[in-house]
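Notes for the one structure printed next.
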Amino acid sequence: MSSARSIAVLGAGGFIGSHLVPALLALPGVQVEAVDRDFRKLDVEGPALRRHVCSIDAPGLLDDLCQRCELVVSLTALCTPALYNTDPLAVIDASYSHLLPLVERCSARGVRLLHFSTCEVYGRLALDSAGAPMQHMREDETALFLGPVARERWSYACAKQLLERVIWAHGQHRGLDFTIVRPFNVIGPRMDFIPGVDGEGVPRVLACFMNALLRGEELLLVDGGRQRRSFVSIGDFVDGVVRIVERPAAARRQIVNLGHPGNDVSIRELGEALAREYARQVPAAPSARFRTVSSAEFYGEGYDDSERRLPDVEKARALLDWEPRATLRGMLPEIVADYVKRYGPLLGEQPRAEQTAHA
Ligand code: UGA
């Protein structure tokens, strides 16, 4: 290991970036070049951190970073499903077109690339290559099963999948040293935004439900909330990513799921668990109310959904000696406390978050 290592993090000011950058800075000899248009979530300073307040297509930026850094971590994307069928061209650009120059430069300059893809590439449900159902989604075996083109929901997954294929081809045919991570519903403090406060539109489900609880509104269950997700804590997730950074040989030219198969719940169950924790922390709040809405009503035409996403994490275990540990129940107190602390006063509530939040 060299004594000084420069790592570029594109999208460093987002939810994952704001947790990953401090973890990278804690590694010996690491300097981080952080790129984002908005750094409000990244609450760290220091001589080893350099911020670039710009988008990744700023003239000369990628060339400069690829000259100075030995590793580029690419986190940028428009990853809220409400955009996939309402602004698909921007979604495809952010996940594919805007990142092609990065892949080409890393490949040409011999810079290692750690790219964040998505569990969404697996599509509607887990099928093997013969089309038979599988329980877990496995990186090198599960087929990628997207819906018809008119179902614009899949614009994001398809763009992400195509970039994975480009990265893979650069690895096989041009010597690119890469790792692709497929995150499975990472949750934690600072996720997404609260509409009307620090963002506009529809965030992912955790922020939608917290928004409803904080405002005393109904929690909306799309198509009844029977669809399932496996939630992994940002702490476990960042631990897995740091292991990838620190084990370049093991992670070289691998696609790796990072998720927690033990935290597989329906969306309704997630909402109920959040509502229970919110009531515990804010006893004066009105009881949570749930209402079923159709996906067309909630997202508009062209939406589609994954029924269930259960990650197989054997590969991450074997390559990285990684194990996701936080249970959903264990992680919710800290997450709810963070939303209550940050947004409660802005929304005119008088929340009384207990001091006992524990991870
Ligand atoms: C999204 C992204 O598309 C993925 O790329 C990303 O990997 C993933 O989040 C993630 O967080 O890792 P998805 O899980 O479908 O995928 O996004 P959410 O917005 O969190 O929705 C989860 C489920 O909750 C969906 O079935 C959605 O219809 C439902 N939902 C959402 C509700 O029932 N109510 C809401 O208010 C919001």
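In the structure tokens, the first chain shown is A, the next is B, and so on; residue numbers restart at 1 for each chain, and ligands run from 1 in the order shown.
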
Per-residue nearest contacts of chain A to ligand 1 (6 Å; only C-alpha atoms and all ligand atoms) as a Markdown table:
| residue | atom | partner | partner_atom_place_in_ligand_line | distance |
| --- | --- | --- | --- | --- |
| A:Cys79 | CA | ligand 1 | 2 (C) | 5.2 |
| A:Thr80 | CA | ligand 1 | 3 (O) | 5.7 |
| A:Pro81 | CA | ligand 1 | 3 (O) | 4.9 |
| A:Thr118 | CA | ligand 1 | 7 (O) | 4.6 |
| A:Cys119 | CA | ligand 1 | 7 (O) | 5.2 |
| A:Glu120 | CA | ligand 1 | 5 (O) | 5.2 |
| A:Pro183 | CA | ligand 1 | 12 (O) | 5.5 |
| A:Phe184 | CA | ligand 1 | 12 (O) | 4.5 |
| A:Asn185 | CA | ligand 1 | 12 (O) | 3.0 |
| A:Val186 | CA | ligand 1 | 12 (O) | 5.1 |
| A:Arg204 | CA | ligand 1 | 19 (O) | 3.3 |
| A:Val205 | CA | ligand 1 | 37 (C) | 3.8 |
| A:Cys208 | CA | ligand 1 | 36 (O) | 4.6 |
| A:Phe209 | CA | ligand 1 | 36 (O) | 5.8 |
| A:Leu220 | CA | ligand 1 | 34 (N) | 4.9 |
| A:Leu221 | CA | ligand 1 | 33 (O) | 3.7 |
| A:Val222 | CA | ligand 1 | 33 (O) | 3.7 |
| A:Gly225 | CA | ligand 1 | 33 (O) | 5.0 |
| A:Gln227 | CA | ligand 1 | 26 (O) | 5.4 |
| A:Ile267 | CA | ligand 1 | 24 (O) | 5.6 |
| A:Asp305 | CA | ligand 1 | 26 (O) | 5.8 |

Could you give me the residues within segment 117-283 of chain A that DSSP places in strand (DSSP E or B), as a PyMOL selection string?
chain A and resi 123+127+133+137+145+178-183+186-187+195+199+219-222+228-230+232-233+254-258+264-266

Among listed residues A:Leu206, A:Arg5, A:Ile187, A:Trp154, nearest Asn85 of chain A (using only C-alpha atoms):
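Result for the nearest residue to Asn85 of chain A: A:Trp154.
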
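Of the residues under consideration (A:Glu301, A:Asp236, A:Glu70, A:Glu269), A:Glu301 shows the shortest atom-to-atom contact distance to Tyr84 of chain A when counting only C-alpha atoms.
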
By how many Å are atom CA of Leu125 of chain A and atom CA of Ala143 of chain A apart?
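Between atom CA of Leu125 of chain A and atom CA of Ala143 of chain A the gap works out to 9.3 Å.
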
Identify, on the basis of only C-alpha atoms, every residue whose closest approach to Val238 of chain A does not exceed 12 Å; exclude the query and any residue fewer than 4 positions from it along the same chain; express the result as a PDB file with N, CA, C and O atoms, in the first residue's frame.
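out-v3.pdb, freshly written:
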ATOM      1  N   PHE A  15     -26.372  11.207  -0.176  1.00  0.00           N
ATOM      2  CA  PHE A  15     -26.587  10.390   1.029  1.00  0.00           C
ATOM      3  C   PHE A  15     -25.419   9.425   1.250  1.00  0.00           C
ATOM      4  O   PHE A  15     -24.762   9.446   2.306  1.00  0.00           O
ATOM      5  N   ILE A  16     -25.116   8.591   0.251  1.00  0.00           N
ATOM      6  CA  ILE A  16     -24.045   7.602   0.442  1.00  0.00           C
ATOM      7  C   ILE A  16     -22.694   8.315   0.551  1.00  0.00           C
ATOM      8  O   ILE A  16     -21.886   8.014   1.430  1.00  0.00           O
ATOM      9  N   GLY A  17     -22.465   9.294  -0.329  1.00  0.00           N
ATOM     10  CA  GLY A  17     -21.183  10.003  -0.304  1.00  0.00           C
ATOM     11  C   GLY A  17     -20.909  10.651   1.044  1.00  0.00           C
ATOM     12  O   GLY A  17     -19.777  10.628   1.537  1.00  0.00           O
ATOM     13  N   SER A  18     -21.945  11.200   1.663  1.00  0.00           N
ATOM     14  CA  SER A  18     -21.732  11.914   2.923  1.00  0.00           C
ATOM     15  C   SER A  18     -21.354  10.962   4.055  1.00  0.00           C
ATOM     16  O   SER A  18     -20.802  11.388   5.077  1.00  0.00           O
ATOM     17  N   HIS A  19     -21.650   9.673   3.899  1.00  0.00           N
ATOM     18  CA  HIS A  19     -21.201   8.680   4.886  1.00  0.00           C
ATOM     19  C   HIS A  19     -19.879   8.046   4.464  1.00  0.00           C
ATOM     20  O   HIS A  19     -19.069   7.661   5.308  1.00  0.00           O
ATOM     21  N   LEU A  20     -19.691   7.910   3.153  1.00  0.00           N
ATOM     22  CA  LEU A  20     -18.485   7.231   2.671  1.00  0.00           C
ATOM     23  C   LEU A  20     -17.234   8.093   2.818  1.00  0.00           C
ATOM     24  O   LEU A  20     -16.165   7.597   3.204  1.00  0.00           O
ATOM     25  N   VAL A  21     -17.343   9.396   2.522  1.00  0.00           N
ATOM     26  CA  VAL A  21     -16.145  10.246   2.550  1.00  0.00           C
ATOM     27  C   VAL A  21     -15.469  10.240   3.928  1.00  0.00           C
ATOM     28  O   VAL A  21     -14.250  10.036   4.011  1.00  0.00           O
ATOM     29  N   PRO A  22     -16.201  10.423   5.038  1.00  0.00           N
ATOM     30  CA  PRO A  22     -15.512  10.364   6.342  1.00  0.00           C
ATOM     31  C   PRO A  22     -14.844   9.003   6.580  1.00  0.00           C
ATOM     32  O   PRO A  22     -13.760   8.944   7.156  1.00  0.00           O
ATOM     33  N   ALA A  23     -15.465   7.915   6.103  1.00  0.00           N
ATOM     34  CA  ALA A  23     -14.864   6.585   6.295  1.00  0.00           C
ATOM     35  C   ALA A  23     -13.578   6.460   5.478  1.00  0.00           C
ATOM     36  O   ALA A  23     -12.599   5.864   5.939  1.00  0.00           O
ATOM     37  N   LEU A  24     -13.543   7.036   4.284  1.00  0.00           N
ATOM     38  CA  LEU A  24     -12.326   6.993   3.471  1.00  0.00           C
ATOM     39  C   LEU A  24     -11.232   7.843   4.109  1.00  0.00           C
ATOM     40  O   LEU A  24     -10.053   7.462   4.136  1.00  0.00           O
ATOM     41  N   VAL A 181     -20.531  -2.164  -7.693  1.00  0.00           N
ATOM     42  CA  VAL A 181     -21.343  -2.484  -6.516  1.00  0.00           C
ATOM     43  C   VAL A 181     -22.807  -2.365  -6.893  1.00  0.00           C
ATOM     44  O   VAL A 181     -23.206  -1.397  -7.548  1.00  0.00           O
ATOM     45  N   PRO A 183     -25.979  -1.823  -4.842  1.00  0.00           N
ATOM     46  CA  PRO A 183     -26.566  -1.583  -3.513  1.00  0.00           C
ATOM     47  C   PRO A 183     -28.034  -2.022  -3.479  1.00  0.00           C
ATOM     48  O   PRO A 183     -28.773  -1.799  -4.441  1.00  0.00           O
ATOM     49  N   VAL A 186     -30.210   0.846   0.569  1.00  0.00           N
ATOM     50  CA  VAL A 186     -29.414   1.348   1.700  1.00  0.00           C
ATOM     51  C   VAL A 186     -30.223   2.443   2.397  1.00  0.00           C
ATOM     52  O   VAL A 186     -30.756   3.341   1.730  1.00  0.00           O
ATOM     53  N   ILE A 187     -30.325   2.362   3.720  1.00  0.00           N
ATOM     54  CA  ILE A 187     -31.046   3.424   4.440  1.00  0.00           C
ATOM     55  C   ILE A 187     -30.212   3.927   5.619  1.00  0.00           C
ATOM     56  O   ILE A 187     -29.363   3.211   6.146  1.00  0.00           O
ATOM     57  N   GLY A 188     -30.488   5.153   6.018  1.00  0.00           N
ATOM     58  CA  GLY A 188     -29.770   5.741   7.144  1.00  0.00           C
ATOM     59  C   GLY A 188     -30.068   7.216   7.232  1.00  0.00           C
ATOM     60  O   GLY A 188     -30.837   7.763   6.433  1.00  0.00           O
ATOM     61  N   VAL A 232     -30.582  -2.397   3.994  1.00  0.00           N
ATOM     62  CA  VAL A 232     -29.264  -2.529   4.631  1.00  0.00           C
ATOM     63  C   VAL A 232     -28.887  -1.177   5.217  1.00  0.00           C
ATOM     64  O   VAL A 232     -29.180  -0.126   4.631  1.00  0.00           O
ATOM     65  N   SER A 233     -28.239  -1.208   6.376  1.00  0.00           N
ATOM     66  CA  SER A 233     -27.887   0.072   7.016  1.00  0.00           C
ATOM     67  C   SER A 233     -26.708   0.710   6.289  1.00  0.00           C
ATOM     68  O   SER A 233     -25.827   0.023   5.768  1.00  0.00           O
ATOM     69  N   ILE A 234     -26.694   2.026   6.309  1.00  0.00           N
ATOM     70  CA  ILE A 234     -25.590   2.753   5.665  1.00  0.00           C
ATOM     71  C   ILE A 234     -24.260   2.384   6.332  1.00  0.00           C
ATOM     72  O   ILE A 234     -23.215   2.334   5.655  1.00  0.00           O
ATOM     73  N   VAL A 242     -15.661   0.154   1.943  1.00  0.00           N
ATOM     74  CA  VAL A 242     -14.277   0.374   2.389  1.00  0.00           C
ATOM     75  C   VAL A 242     -13.456  -0.905   2.198  1.00  0.00           C
ATOM     76  O   VAL A 242     -12.294  -0.871   1.796  1.00  0.00           O
ATOM     77  N   ARG A 243     -14.077  -2.050   2.446  1.00  0.00           N
ATOM     78  CA  ARG A 243     -13.354  -3.322   2.218  1.00  0.00           C
ATOM     79  C   ARG A 243     -12.997  -3.485   0.746  1.00  0.00           C
ATOM     80  O   ARG A 243     -11.941  -4.017   0.405  1.00  0.00           O
ATOM     81  N   ILE A 244     -13.873  -3.033  -0.129  1.00  0.00           N
ATOM     82  CA  ILE A 244     -13.555  -3.105  -1.571  1.00  0.00           C
ATOM     83  C   ILE A 244     -12.357  -2.208  -1.877  1.00  0.00           C
ATOM     84  O   ILE A 244     -11.430  -2.593  -2.585  1.00  0.00           O
ATOM     85  N   VAL A 245     -12.378  -0.991  -1.312  1.00  0.00           N
ATOM     86  CA  VAL A 245     -11.260  -0.069  -1.536  1.00  0.00           C
ATOM     87  C   VAL A 245      -9.955  -0.686  -1.051  1.00  0.00           C
ATOM     88  O   VAL A 245      -8.918  -0.600  -1.713  1.00  0.00           O
ATOM     89  N   LEU A 258     -24.288  -5.586  -2.349  1.00  0.00           N
ATOM     90  CA  LEU A 258     -24.177  -5.235  -0.927  1.00  0.00           C
ATOM     91  C   LEU A 258     -25.593  -4.961  -0.419  1.00  0.00           C
ATOM     92  O   LEU A 258     -26.227  -3.973  -0.818  1.00  0.00           O
ATOM     93  N   GLY A 259     -26.086  -5.862   0.390  1.00  0.00           N
ATOM     94  CA  GLY A 259     -27.436  -5.736   0.928  1.00  0.00           C
ATOM     95  C   GLY A 259     -27.570  -6.654   2.130  1.00  0.00           C
ATOM     96  O   GLY A 259     -26.622  -7.348   2.509  1.00  0.00           O
ATOM     97  N   TRP A 322     -17.113  -9.835   4.520  1.00  0.00           N
ATOM     98  CA  TRP A 322     -18.086  -8.820   4.945  1.00  0.00           C
ATOM     99  C   TRP A 322     -19.374  -9.498   5.418  1.00  0.00           C
ATOM    100  O   TRP A 322     -19.786 -10.513   4.845  1.00  0.00           O
ATOM    101  N   GLU A 323     -19.986  -8.926   6.421  1.00  0.00           N
ATOM    102  CA  GLU A 323     -21.248  -9.461   6.918  1.00  0.00           C
ATOM    103  C   GLU A 323     -22.144  -8.290   7.317  1.00  0.00           C
ATOM    104  O   GLU A 323     -21.757  -7.478   8.165  1.00  0.00           O
ATOM    105  N   PRO A 324     -23.324  -8.147   6.714  1.00  0.00           N
ATOM    106  CA  PRO A 324     -24.222  -7.074   7.169  1.00  0.00           C
ATOM    107  C   PRO A 324     -24.808  -7.453   8.519  1.00  0.00           C
ATOM    108  O   PRO A 324     -25.241  -8.585   8.712  1.00  0.00           O
TER     109      PRO A 324
END

What's the separation between atom CA of Val313 of chain A and atom CA of Asn257 of chain A, in Å to one decimal place?
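A separation of 6.0 Å between them.
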
Nearest candidate to Leu42 of chain A (options A:Tyr343, A:Gly14, A:Cys54, A:Arg124; using only C-alpha atoms)
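So, comparing all the options, the nearest one is A:Gly14.
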
What does the distance from atom CA of Tyr303 of chain A to atom CA of Thr142 of chain A come to in Å, to one decimal?
22.8 Å

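Counting only C-alpha atoms, Gly13 of chain A has the following residues at most 9 Å away, ignoring those fewer than 5 positions along the same chain: Ser18, Val21, Ala34, Val35, Asp36, Arg37, Asp38, Phe39, Arg40, Lys41 and Leu42 of chain A.
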
Nearest residue to Ala77 of chain A from the set A:Glu200, A:Asp64, A:Asp93, A:Glu277 (distances using only C-alpha atoms)
A:Asp93

Considering only C-alpha atoms, state which residue in the set A:Arg253, A:His115, A:Arg268, A:Arg342 is at the smallest distance from Leu71 of chain A.
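Looking only at the distances to Leu71 of chain A, the closest residue turns out to be A:His115.
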
Among the residues A:Gly46, A:Ser55, A:Val30, A:Ser74, the one that comes closest to Val9 of chain A [using only C-alpha atoms]:
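That would be A:Ser74, the residue with the smallest distance to Val9 of chain A.
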
Quick one: everything within 9 Å of Pro189 of chain A, counting only C-alpha atoms, minus sequence neighbours fewer than 6 positions away in the same chain. Send it as number ranges by chain.
A: 15, 234, 334-339

Determine which residues of segment 63-259 of chain A DSSP labels as helix (DSSP H, G or I) from the backbone of this structure, then write them out as an MDAnalysis selection string.
chainID A and resid 63:68 81:83 88:95 97:109 119:122 152:174 205:215 223:225 234:246 248:251

Hey, what's within 12 Å of Tyr278 of chain A if we count only C-alpha atoms and toss same-chain stuff fewer than 5 positions away? As JSON, numbers by chain, please?
{"A": [209, 210, 211, 212, 213, 214, 215, 216, 271, 272, 273, 283, 284, 285, 286, 287, 288, 332, 333, 334, 335, 336, 337, 338, 339, 340, 341, 344, 351, 352, 353, 354, 357]}
